[in-house]
file protein.pdb (PDB, C-alpha atoms)
ATOM      1  CA  MET A 437       0.000   0.000   0.000
ATOM      2  CA  ARG A 438       0.988   3.665  -0.332
ATOM      3  CA  ALA A 439       1.505   5.523   2.907
ATOM      4  CA  VAL A 440       3.093   8.644   4.298
ATOM      5  CA  ARG A 441       6.057   7.911   6.539
ATOM      6  CA  TYR A 442       8.877   9.686   8.322
ATOM      7  CA  HIS A 443      12.083   7.778   9.057
ATOM      8  CA  GLU A 444      13.413  10.246  11.604
ATOM      9  CA  TYR A 445      12.007  12.987  13.796
ATOM     10  CA  GLY A 446      12.107  16.429  12.265
ATOM     11  CA  GLY A 447      10.320  18.931  10.047
ATOM     12  CA  THR A 448       7.926  18.410   7.183
ATOM     13  CA  GLU A 449      10.851  17.548   4.906
ATOM     14  CA  THR A 450      10.970  14.146   6.634
ATOM     15  CA  LEU A 451       7.556  13.187   5.217
ATOM     16  CA  VAL A 452       7.662  10.854   2.206
ATOM     17  CA  VAL A 453       5.025   8.876   0.311
ATOM     18  CA  GLU A 454       6.213   5.315  -0.263
ATOM     19  CA  GLN A 455       5.161   1.699  -0.548
ATOM     20  CA  VAL A 456       4.909  -0.100   2.809
ATOM     21  CA  PRO A 457       3.592  -3.496   3.954
ATOM     22  CA  ASP A 458      -0.169  -3.787   4.462
ATOM     23  CA  PRO A 459      -1.308  -3.704   8.106
ATOM     24  CA  HIS A 460      -3.765  -6.253   9.482
ATOM     25  CA  PRO A 461      -6.230  -5.890  12.368
ATOM     26  CA  GLY A 462      -5.786  -7.708  15.629
ATOM     27  CA  PRO A 463      -8.595  -8.895  17.917
ATOM     28  CA  GLY A 464     -11.224  -6.205  18.365
ATOM     29  CA  GLU A 465      -9.895  -4.132  15.465
ATOM     30  CA  ILE A 466     -10.898  -3.477  11.870
ATOM     31  CA  ARG A 467      -9.058  -2.389   8.752
ATOM     32  CA  VAL A 468     -10.412   0.228   6.371
ATOM     33  CA  ARG A 469      -9.500   1.265   2.862
ATOM     34  CA  VAL A 470      -8.942   4.926   3.652
ATOM     35  CA  ALA A 471     -10.780   7.628   1.728
ATOM     36  CA  ALA A 472      -9.480  10.523   3.843
ATOM     37  CA  ALA A 473      -7.562  11.117   7.070
ATOM     38  CA  SER A 474      -7.278  14.215   9.207
ATOM     39  CA  VAL A 475      -4.231  16.160  10.344
ATOM     40  CA  ASN A 476      -4.221  16.898  14.069
ATOM     41  CA  PRO A 477      -1.747  18.813  16.255
ATOM     42  CA  ILE A 478      -0.661  15.512  17.794
ATOM     43  CA  ASP A 479       0.548  14.380  14.346
ATOM     44  CA  TRP A 480       3.104  17.115  13.780
ATOM     45  CA  LYS A 481       4.085  17.293  17.436
ATOM     46  CA  VAL A 482       4.946  13.567  17.417
ATOM     47  CA  ARG A 483       6.664  13.838  14.018
ATOM     48  CA  SER A 484       8.826  16.746  15.198
ATOM     49  CA  GLY A 485      10.138  14.778  18.163
ATOM     50  CA  ALA A 486       8.712  17.277  20.648
ATOM     51  CA  LEU A 487       6.784  14.475  22.366
ATOM     52  CA  HIS A 488       9.459  11.816  22.050
ATOM     53  CA  GLU A 489       9.760  11.215  25.805
ATOM     54  CA  LEU A 490       6.004  11.180  26.374
ATOM     55  CA  LEU A 491       4.877   9.389  23.184
ATOM     56  CA  PRO A 492       7.814   7.576  21.572
ATOM     57  CA  VAL A 493       6.949   5.873  18.282
ATOM     58  CA  GLU A 494       8.678   3.143  16.346
ATOM     59  CA  LEU A 495      10.358   4.606  13.265
ATOM     60  CA  PRO A 496       9.638   4.739  10.414
ATOM     61  CA  ALA A 497       6.151   5.886  11.423
ATOM     62  CA  ILE A 498       2.964   6.714   9.532
ATOM     63  CA  PRO A 499       1.336   9.901  10.897
ATOM     64  CA  GLY A 500      -2.379  10.123  11.593
ATOM     65  CA  ARG A 501      -4.863   9.273  14.342
ATOM     66  CA  ASP A 502      -8.225   9.191  12.558
ATOM     67  CA  ALA A 503      -9.689   8.352   9.174
ATOM     68  CA  VAL A 504     -12.795   7.381   7.233
ATOM     69  CA  GLY A 505     -13.008   4.470   4.846
ATOM     70  CA  VAL A 506     -14.668   1.248   3.819
ATOM     71  CA  VAL A 507     -14.111  -1.830   5.984
ATOM     72  CA  ASP A 508     -12.154  -4.514   4.135
ATOM     73  CA  GLU A 509     -10.900  -6.732   6.975
ATOM     74  CA  VAL A 510     -12.302  -7.536  10.423
ATOM     75  CA  GLY A 511     -10.365  -8.818  13.416
ATOM     76  CA  ALA A 512     -11.411 -11.589  15.785
ATOM     77  CA  GLY A 513     -14.307 -10.824  18.105
ATOM     78  CA  VAL A 514     -15.556  -7.790  16.206
ATOM     79  CA  GLN A 515     -19.333  -7.440  15.967
ATOM     80  CA  GLY A 516     -21.719  -4.895  14.508
ATOM     81  CA  VAL A 517     -19.697  -4.069  11.413
ATOM     82  CA  SER A 518     -19.255  -5.853   8.086
ATOM     83  CA  ILE A 519     -16.971  -5.802   5.078
ATOM     84  CA  GLY A 520     -18.070  -2.930   2.867
ATOM     85  CA  ASP A 521     -19.416  -0.687   5.652
ATOM     86  CA  ARG A 522     -18.320   2.973   5.559
ATOM     87  CA  VAL A 523     -16.989   3.942   8.974
ATOM     88  CA  PHE A 524     -14.956   6.682  10.636
ATOM     89  CA  GLY A 525     -12.782   6.214  13.659
ATOM     90  CA  LEU A 526      -9.500   6.153  15.501
ATOM     91  CA  GLY A 527      -6.402   4.014  15.497
ATOM     92  CA  GLY A 528      -3.211   4.427  17.484
ATOM     93  CA  VAL A 529      -1.021   7.481  17.820
ATOM     94  CA  THR A 530       0.163   6.781  14.265
ATOM     95  CA  GLY A 531      -0.989   4.840  11.213
ATOM     96  CA  ALA A 532      -3.943   6.604   9.556
ATOM     97  CA  THR A 533      -2.409   8.515   6.638
ATOM     98  CA  ALA A 534      -2.223   5.535   4.325
ATOM     99  CA  GLU A 535      -4.307   3.582   1.837
ATOM    100  CA  LEU A 536      -5.089   1.040   4.574
ATOM    101  CA  ALA A 537      -5.454   1.785   8.282
ATOM    102  CA  VAL A 538      -6.316  -0.241  11.365
ATOM    103  CA  LEU A 539      -8.933   1.258  13.684
ATOM    104  CA  SER A 540      -9.611   0.277  17.296
ATOM    105  CA  ALA A 541     -12.687   2.517  17.718
ATOM    106  CA  TRP A 542     -15.203   3.353  15.015
ATOM    107  CA  ALA A 543     -18.794   4.154  14.086
ATOM    108  CA  HIS A 544     -20.821   4.061  10.902
ATOM    109  CA  ALA A 545     -20.455   7.295   8.940
ATOM    110  CA  PRO A 546     -23.677   9.197   8.206
ATOM    111  CA  THR A 547     -24.502   9.532   4.526
ATOM    112  CA  THR A 548     -24.889  13.263   5.182
ATOM    113  CA  TRP A 549     -21.122  13.599   5.719
ATOM    114  CA  SER A 550     -18.628  13.745   2.857
ATOM    115  CA  ASP A 551     -15.431  11.720   3.196
ATOM    116  CA  GLU A 552     -13.533  14.866   4.144
ATOM    117  CA  GLU A 553     -16.088  15.736   6.823
ATOM    118  CA  ALA A 554     -16.137  12.221   8.259
ATOM    119  CA  ALA A 555     -12.330  12.156   8.329
ATOM    120  CA  GLY A 556     -12.350  15.214  10.580
ATOM    121  CA  VAL A 557     -14.685  13.786  13.219
ATOM    122  CA  GLY A 558     -12.833  11.109  15.135
ATOM    123  CA  LEU A 559     -10.312  12.829  17.368
ATOM    124  CA  ALA A 560     -12.116  16.182  17.458
ATOM    125  CA  SER A 561     -15.425  14.691  18.591
ATOM    126  CA  VAL A 562     -14.096  12.391  21.325
ATOM    127  CA  THR A 563     -11.873  15.193  22.625
ATOM    128  CA  ALA A 564     -14.745  17.679  22.682
ATOM    129  CA  MET A 565     -17.153  15.174  24.232
ATOM    130  CA  GLY A 566     -14.625  14.222  26.897
ATOM    131  CA  GLY A 567     -14.161  17.850  27.861
ATOM    132  CA  LEU A 568     -17.896  18.507  27.926
ATOM    133  CA  LYS A 569     -18.909  15.327  29.759
ATOM    134  CA  VAL A 570     -16.998  16.212  32.939
ATOM    135  CA  LEU A 571     -18.896  19.511  33.171
ATOM    136  CA  GLY A 572     -22.212  17.746  33.743
ATOM    137  CA  PRO A 573     -25.575  18.286  32.039
ATOM    138  CA  LEU A 574     -25.496  21.059  29.437
ATOM    139  CA  ARG A 575     -29.173  21.813  28.864
ATOM    140  CA  GLY A 576     -30.111  25.276  30.018
ATOM    141  CA  ARG A 577     -26.548  26.267  30.910
ATOM    142  CA  THR A 578     -24.276  28.874  29.346
ATOM    143  CA  LEU A 579     -20.988  27.424  28.149
ATOM    144  CA  LEU A 580     -17.856  29.344  27.200
ATOM    145  CA  VAL A 581     -15.578  27.614  24.679
ATOM    146  CA  GLU A 582     -12.070  29.085  24.642
ATOM    147  CA  GLY A 583     -10.412  28.593  21.247
ATOM    148  CA  ALA A 584     -13.720  27.905  19.548
ATOM    149  CA  ALA A 585     -12.692  28.132  15.887
ATOM    150  CA  GLY A 586     -10.313  25.150  15.855
ATOM    151  CA  GLY A 587     -11.164  21.527  15.179
ATOM    152  CA  VAL A 588     -12.056  20.618  18.764
ATOM    153  CA  GLY A 589     -13.621  23.978  19.608
ATOM    154  CA  SER A 590     -15.901  23.980  16.572
ATOM    155  CA  ALA A 591     -16.986  20.410  17.323
ATOM    156  CA  ALA A 592     -17.689  21.368  20.952
ATOM    157  CA  ILE A 593     -19.953  24.221  19.869
ATOM    158  CA  GLU A 594     -22.239  22.052  17.759
ATOM    159  CA  ILE A 595     -22.254  19.137  20.191
ATOM    160  CA  ALA A 596     -23.029  21.381  23.176
ATOM    161  CA  ALA A 597     -25.707  23.313  21.292
ATOM    162  CA  ALA A 598     -27.337  20.025  20.302
ATOM    163  CA  GLN A 599     -27.512  19.165  24.019
ATOM    164  CA  GLY A 600     -29.312  22.403  24.857
ATOM    165  CA  ALA A 601     -26.480  24.700  25.933
ATOM    166  CA  THR A 602     -26.142  28.363  25.084
ATOM    167  CA  VAL A 603     -22.600  28.628  23.728
ATOM    168  CA  ILE A 604     -20.255  31.602  23.681
ATOM    169  CA  GLY A 605     -17.033  31.063  21.753
ATOM    170  CA  THR A 606     -13.773  33.001  21.737
ATOM    171  CA  ALA A 607     -11.801  33.502  18.543
ATOM    172  CA  ARG A 608     -10.095  36.138  16.449
ATOM    173  CA  GLU A 609     -12.556  38.606  14.993
ATOM    174  CA  ARG A 610     -12.075  37.234  11.474
ATOM    175  CA  ASN A 611     -13.556  33.941  12.729
ATOM    176  CA  HIS A 612     -16.663  35.419  14.349
ATOM    177  CA  GLU A 613     -18.923  34.815  11.357
ATOM    178  CA  PHE A 614     -17.734  31.199  11.367
ATOM    179  CA  LEU A 615     -18.649  30.799  15.055
ATOM    180  CA  THR A 616     -22.084  32.282  14.409
ATOM    181  CA  SER A 617     -22.634  29.722  11.644
ATOM    182  CA  LEU A 618     -21.910  26.975  14.177
ATOM    183  CA  GLY A 619     -24.507  28.309  16.615
ATOM    184  CA  ALA A 620     -22.275  30.205  19.050
ATOM    185  CA  VAL A 621     -22.233  33.794  20.206
ATOM    186  CA  PRO A 622     -18.743  35.031  19.246
ATOM    187  CA  THR A 623     -16.373  37.227  21.195
ATOM    188  CA  THR A 624     -12.655  37.891  21.204
ATOM    189  CA  TYR A 625     -10.320  36.368  23.762
ATOM    190  CA  GLY A 626      -7.701  38.019  25.925
ATOM    191  CA  SER A 627      -7.777  41.130  28.080
ATOM    192  CA  GLY A 628     -11.257  42.311  29.027
ATOM    193  CA  LEU A 629     -12.947  38.948  28.435
ATOM    194  CA  ALA A 630     -14.866  39.063  31.720
ATOM    195  CA  GLU A 631     -16.331  42.460  30.832
ATOM    196  CA  ARG A 632     -17.335  41.321  27.351
ATOM    197  CA  LEU A 633     -18.991  38.216  28.781
ATOM    198  CA  ALA A 634     -20.925  40.287  31.300
ATOM    199  CA  ALA A 635     -22.560  42.074  28.374
ATOM    200  CA  LEU A 636     -23.174  38.900  26.379
ATOM    201  CA  ALA A 637     -24.391  36.782  29.310
ATOM    202  CA  PRO A 638     -25.960  39.052  31.965
ATOM    203  CA  ASN A 639     -26.900  35.997  34.058
ATOM    204  CA  GLY A 640     -23.327  34.749  34.016
ATOM    205  CA  VAL A 641     -21.366  31.931  32.424
ATOM    206  CA  ASP A 642     -21.996  28.568  34.064
ATOM    207  CA  ILE A 643     -19.193  26.410  32.684
ATOM    208  CA  ALA A 644     -16.096  26.736  30.475
ATOM    209  CA  LEU A 645     -14.146  24.457  28.154
ATOM    210  CA  ASP A 646     -10.566  25.362  27.218
ATOM    211  CA  THR A 647      -9.345  23.953  23.904
ATOM    212  CA  ALA A 648      -6.560  26.452  23.263
ATOM    213  CA  ALA A 649      -3.948  26.238  26.055
ATOM    214  CA  SER A 650      -3.555  29.994  25.730
ATOM    215  CA  GLY A 651      -2.842  30.562  29.411
ATOM    216  CA  SER A 652      -6.405  31.626  30.186
ATOM    217  CA  LEU A 653      -7.354  28.975  32.752
ATOM    218  CA  VAL A 654      -6.954  31.342  35.717
ATOM    219  CA  ASP A 655      -9.328  33.775  34.022
ATOM    220  CA  LEU A 656     -11.823  31.040  33.161
ATOM    221  CA  VAL A 657     -11.947  29.874  36.776
ATOM    222  CA  ALA A 658     -12.556  33.451  37.917
ATOM    223  CA  ILE A 659     -15.308  33.915  35.312
ATOM    224  CA  VAL A 660     -17.318  30.821  36.313
ATOM    225  CA  GLY A 661     -16.357  31.001  39.987
ATOM    226  CA  ASP A 662     -15.284  27.400  40.576
ATOM    227  CA  PRO A 663     -12.494  25.241  39.090
ATOM    228  CA  ALA A 664     -14.913  22.292  39.135
ATOM    229  CA  ARG A 665     -16.899  24.081  36.424
ATOM    230  CA  VAL A 666     -13.930  24.387  34.060
ATOM    231  CA  SER A 667     -12.341  21.691  31.914
ATOM    232  CA  THR A 668      -9.347  21.722  29.605
ATOM    233  CA  VAL A 669      -8.362  19.362  26.832
ATOM    234  CA  ALA A 670      -5.181  21.265  26.020
ATOM    235  CA  ASP A 671      -3.453  22.764  29.080
ATOM    236  CA  HIS A 672      -2.825  19.734  31.254
ATOM    237  CA  ALA A 673      -0.050  21.182  33.416
ATOM    238  CA  ASN A 674      -1.987  24.279  34.466
ATOM    239  CA  GLY A 675      -5.201  22.292  34.658
ATOM    240  CA  HIS A 676      -3.777  19.987  37.311
ATOM    241  CA  ARG A 677      -2.235  22.930  39.150
ATOM    242  CA  LEU A 678      -5.522  24.833  39.303
ATOM    243  CA  GLY A 679      -7.739  21.847  40.048
ATOM    244  CA  VAL A 680      -9.859  22.067  36.903
ATOM    245  CA  HIS A 681     -11.008  18.970  35.033
ATOM    246  CA  VAL A 682      -8.347  17.648  32.660
ATOM    247  CA  ALA A 683      -9.861  15.552  29.877
ATOM    248  CA  ASN A 684      -8.013  13.264  27.482
ATOM    249  CA  ALA A 685      -9.189  11.885  24.154
ATOM    250  CA  GLU A 686     -10.193   8.222  24.337
ATOM    251  CA  ASN A 687     -10.688   5.669  21.587
ATOM    252  CA  ASP A 688     -14.343   5.255  22.499
ATOM    253  CA  SER A 689     -16.745   3.805  19.933
ATOM    254  CA  THR A 690     -19.734   4.921  22.016
ATOM    255  CA  LEU A 691     -18.686   8.569  21.743
ATOM    256  CA  LEU A 692     -18.050   8.175  18.021
ATOM    257  CA  ALA A 693     -21.498   6.642  17.550
ATOM    258  CA  ALA A 694     -23.040   9.588  19.420
ATOM    259  CA  ALA A 695     -21.241  12.008  17.098
ATOM    260  CA  GLY A 696     -22.446  10.029  14.092
ATOM    261  CA  GLU A 697     -26.023  10.132  15.337
ATOM    262  CA  LEU A 698     -25.861  13.921  15.669
ATOM    263  CA  GLY A 699     -24.633  13.958  12.085
ATOM    264  CA  ARG A 700     -27.564  11.855  10.921
ATOM    265  CA  GLN A 701     -29.910  14.273  12.682
ATOM    266  CA  GLY A 702     -28.289  17.218  10.909
ATOM    267  CA  ARG A 703     -27.121  18.695  14.201
ATOM    268  CA  TYR A 704     -23.368  18.235  13.731
ATOM    269  CA  THR A 705     -21.452  18.814  10.507
ATOM    270  CA  PRO A 706     -17.651  18.707  10.852
ATOM    271  CA  ARG A 707     -16.129  21.873   9.413
ATOM    272  CA  ILE A 708     -13.197  21.457   7.022
ATOM    273  CA  GLU A 709     -10.925  24.382   6.254
ATOM    274  CA  ARG A 710      -8.531  22.730   3.787
ATOM    275  CA  SER A 711      -8.194  19.393   2.046
ATOM    276  CA  PHE A 712      -4.929  18.196   0.488
ATOM    277  CA  PRO A 713      -4.080  15.176  -1.694
ATOM    278  CA  LEU A 714      -1.792  12.571  -0.149
ATOM    279  CA  GLU A 715       1.139  13.735  -2.259
ATOM    280  CA  ARG A 716       0.944  17.188  -0.633
ATOM    281  CA  ILE A 717       1.180  15.885   2.928
ATOM    282  CA  ALA A 718       4.095  18.213   3.731
ATOM    283  CA  GLU A 719       1.922  21.215   2.800
ATOM    284  CA  ALA A 720      -0.890  19.868   4.985
ATOM    285  CA  HIS A 721       1.415  19.559   7.998
ATOM    286  CA  THR A 722       2.909  23.007   7.355
ATOM    287  CA  TYR A 723      -0.562  24.505   7.197
ATOM    288  CA  ALA A 724      -1.574  22.726  10.408
ATOM    289  CA  GLU A 725       1.536  23.882  12.263
ATOM    290  CA  ARG A 726       0.702  27.504  11.529
ATOM    291  CA  GLY A 727      -2.468  27.150  13.602
ATOM    292  CA  ARG A 728      -5.277  29.690  13.396
ATOM    293  CA  THR A 729      -7.451  27.298  11.430
ATOM    294  CA  ARG A 730     -11.222  27.242  11.205
ATOM    295  CA  GLY A 731     -12.230  23.604  11.602
ATOM    296  CA  LYS A 732     -10.138  20.672  10.397
ATOM    297  CA  ILE A 733      -7.414  19.936   7.870
ATOM    298  CA  VAL A 734      -7.728  16.655   6.010
ATOM    299  CA  VAL A 735      -5.784  14.576   3.490
ATOM    300  CA  HIS A 736      -7.722  12.677   0.817
ATOM    301  CA  LEU A 737      -6.512   9.549  -0.928
TER     302      LEU A 737
END
call {"tool": "encode", "arguments": {"input": "protein.pdb", "output": "structure tokens"}}
result
Amino acid sequence: MRAVRYHEYGGTETLVVEQVPDPHPGPGEIRVRVAAASVNPIDWKVRSGALHELLPVELPAIPGRDAVGVVDEVGAGVQGVSIGDRVFGLGGVTGATAELAVLSAWAHAPTTWSDEEAAGVGLASVTAMGGLKVLGPLRGRTLLVEGAAGGVGSAAIEIAAAQGATVIGTARERNHEFLTSLGAVPTTYGSGLAERLAALAPNGVDIALDTAASGSLVDLVAIVGDPARVSTVADHANGHRLGVHVANAENDSTLLAAAGELGRQGRYTPRIERSFPLERIAEAHTYAERGRTRGKIVVHL
């Protein structure tokens, strides 16, 4: 099969498209013929070597955590999915940016989602849902999403709104129209946030989700009044220090199925900013490393 690999840690120049042996699923896993895979911050951070001590990978490695494709091989003990089904899901820390990928968590992809949209769901949705779940019931509450225009933030807006929350999202002003299209009330982040929120939410902000790791956790705790009503999926060190909820992404098929069901209901449509062909993987990683994206970056095969 064709796959993207890097043989050493480093910049985007280490990424090459080459022929590699086909992977095969183990017990409880499936293999898909990949239509598209997403590019997440974890991909370029692992590739660069910045996370070598925390998340060492066996080199050469194939980048990519999540993908969409058609099932073509099923491991022992797998139920509820058949050869030919179109699914989206998650594999390991690496392995998805290839013609064939092994997934350990998956759900059937709604027909309402394009391949690019379905490719952008896996990691973003489980990360957003993990951060929201620890905050308790959302219906009738006002939620602040810090860093709302990115892949996880934009997913959190739609998922929280579907559960009955009023959502306020922070982003650069150029992204405010985008946040409005997702169902959030937009505002800028940084100095003066509490004052801006007082005008937007006279009854106060109940809970907050940080997806940006911008150093705002102290402010978020002050805004909602209790660290137990704040969660972060990005700033783990400060989250532990301040006593807020720290949520990690999990390969959870139940969460993926919930995201898929929202998609079937028309209440969650993953937002894709750019799509690149496999041969332009270095451009995709460069674009992702710049940040400031609206939604997800995906690679199509």
call {"tool": "resolve_selection", "arguments": {"input": "protein.pdb", "expression": "the PyMOL selection byres ((chain A and resi 626) around 12)", "output": "list in words"}}
result
Glu582, Gly583, Thr606, Ala607, Arg608, Glu609, Thr623, Thr624, Tyr625, Ser627, Gly628, Leu629, Ala630, Glu631, Arg632, Leu633, Ala648, Ser650, Gly651, Ser652, Leu653, Val654, Asp655 and Leu656 of chain A
call {"tool": "write_last_selection", "arguments": {"input": "protein.pdb", "atoms": "C-alpha atoms", "output": "compact mmCIF listing (two decimals), in the coordinates of the input"}}
result
# COMPACT_ATOMS: atom_id res chain seq x y z
CA GLU A 582 -12.07 29.08 24.64
CA GLY A 583 -10.41 28.59 21.25
CA THR A 606 -13.77 33.00 21.74
CA ALA A 607 -11.80 33.50 18.54
CA ARG A 608 -10.10 36.14 16.45
CA GLU A 609 -12.56 38.61 14.99
CA THR A 623 -16.37 37.23 21.20
CA THR A 624 -12.66 37.89 21.20
CA TYR A 625 -10.32 36.37 23.76
CA SER A 627 -7.78 41.13 28.08
CA GLY A 628 -11.26 42.31 29.03
CA LEU A 629 -12.95 38.95 28.44
CA ALA A 630 -14.87 39.06 31.72
CA GLU A 631 -16.33 42.46 30.83
CA ARG A 632 -17.34 41.32 27.35
CA LEU A 633 -18.99 38.22 28.78
CA ALA A 648 -6.56 26.45 23.26
CA SER A 650 -3.56 29.99 25.73
CA GLY A 651 -2.84 30.56 29.41
CA SER A 652 -6.40 31.63 30.19
CA LEU A 653 -7.35 28.98 32.75
CA VAL A 654 -6.95 31.34 35.72
CA ASP A 655 -9.33 33.78 34.02
CA LEU A 656 -11.82 31.04 33.16
call {"tool": "resolve_selection", "arguments": {"input": "protein.pdb", "expression": "the PyMOL selection byres ((chain A and resi 515) around 12)", "output": "number ranges by chain"}}
result
A: 463-466, 510-514, 516-519, 542-543
call {"tool": "resolve_selection", "arguments": {"input": "protein.pdb", "expression": "the PyMOL selection byres ((chain A and resi 730-735) around 8)", "output": "MDAnalysis selection string"}}
result
chainID A and resid 472:476 533 552 555:556 585:588 590 611 614 706:714 717 720 724 728:729 736:737
call {"tool": "closest_atom_pairs", "arguments": {"input": "protein.pdb", "of": "range 440-522 of chain A", "to": "range 558-578 of chain A", "cutoff": "8 Å", "atoms": "all atoms listed in the file", "output": "CSV"}}
result
residue,atom,partner,partner_atom,distance
A:Arg501,CA,A:Leu559,CA,7.2
A:Asp502,CA,A:Gly558,CA,5.6
A:Ala503,CA,A:Gly558,CA,7.3
call {"tool": "closest_residue", "arguments": {"input": "protein.pdb", "among": "A:Lys481, A:Arg469, A:Arg677, A:Arg441", "to": "Glu494 in chain A", "atoms": "only C-alpha atoms"}}
result
A:Arg441
call {"tool": "atom_distance", "arguments": {"input": "protein.pdb", "atom1": "CA of Ala541 in chain A", "atom2": "CA of Pro499 in chain A"}}
result
17.3 Å
call {"tool": "residues_around", "arguments": {"input": "protein.pdb", "residues": "Val506 in chain A", "least_positions_apart": "4", "cutoff": "10 Å", "atoms": "all atoms listed in the file", "output": "PyMOL selection string"}}
result
chain A and resi 467-471+518-524+536+544-545
call {"tool": "atom_distance", "arguments": {"input": "protein.pdb", "atom1": "CA of Glu444 in chain A", "atom2": "CA of Trp480 in chain A"}}
result
12.6 Å
call {"tool": "axis_aligned_box", "arguments": {"input": "protein.pdb", "around": "range 448-461 of chain A", "padding_each_side": "8 Å", "output": "AutoDock Vina command-line options"}}
result
--center_x 2.4 --center_y 6.1 --center_z 5.9 --size_x 33.2 --size_y 40.7 --size_z 28.9
call {"tool": "closest_residue", "arguments": {"input": "protein.pdb", "among": "A:Arg726, A:Asp642, A:Val504, A:Thr690", "to": "Gly661 in chain A", "atoms": "only C-alpha atoms"}}
result
A:Asp642
call {"tool": "closest_residue", "arguments": {"input": "protein.pdb", "among": "A:Thr450, A:Ala658, A:His460, A:Ile478", "to": "Ser540 in chain A", "atoms": "all atoms listed in the file"}}
result
A:His460
call {"tool": "closest_residue", "arguments": {"input": "protein.pdb", "among": "A:Ile593, A:Ala673, A:Leu615, A:Val529", "to": "Val493 in chain A", "atoms": "all atoms listed in the file"}}
result
A:Val529
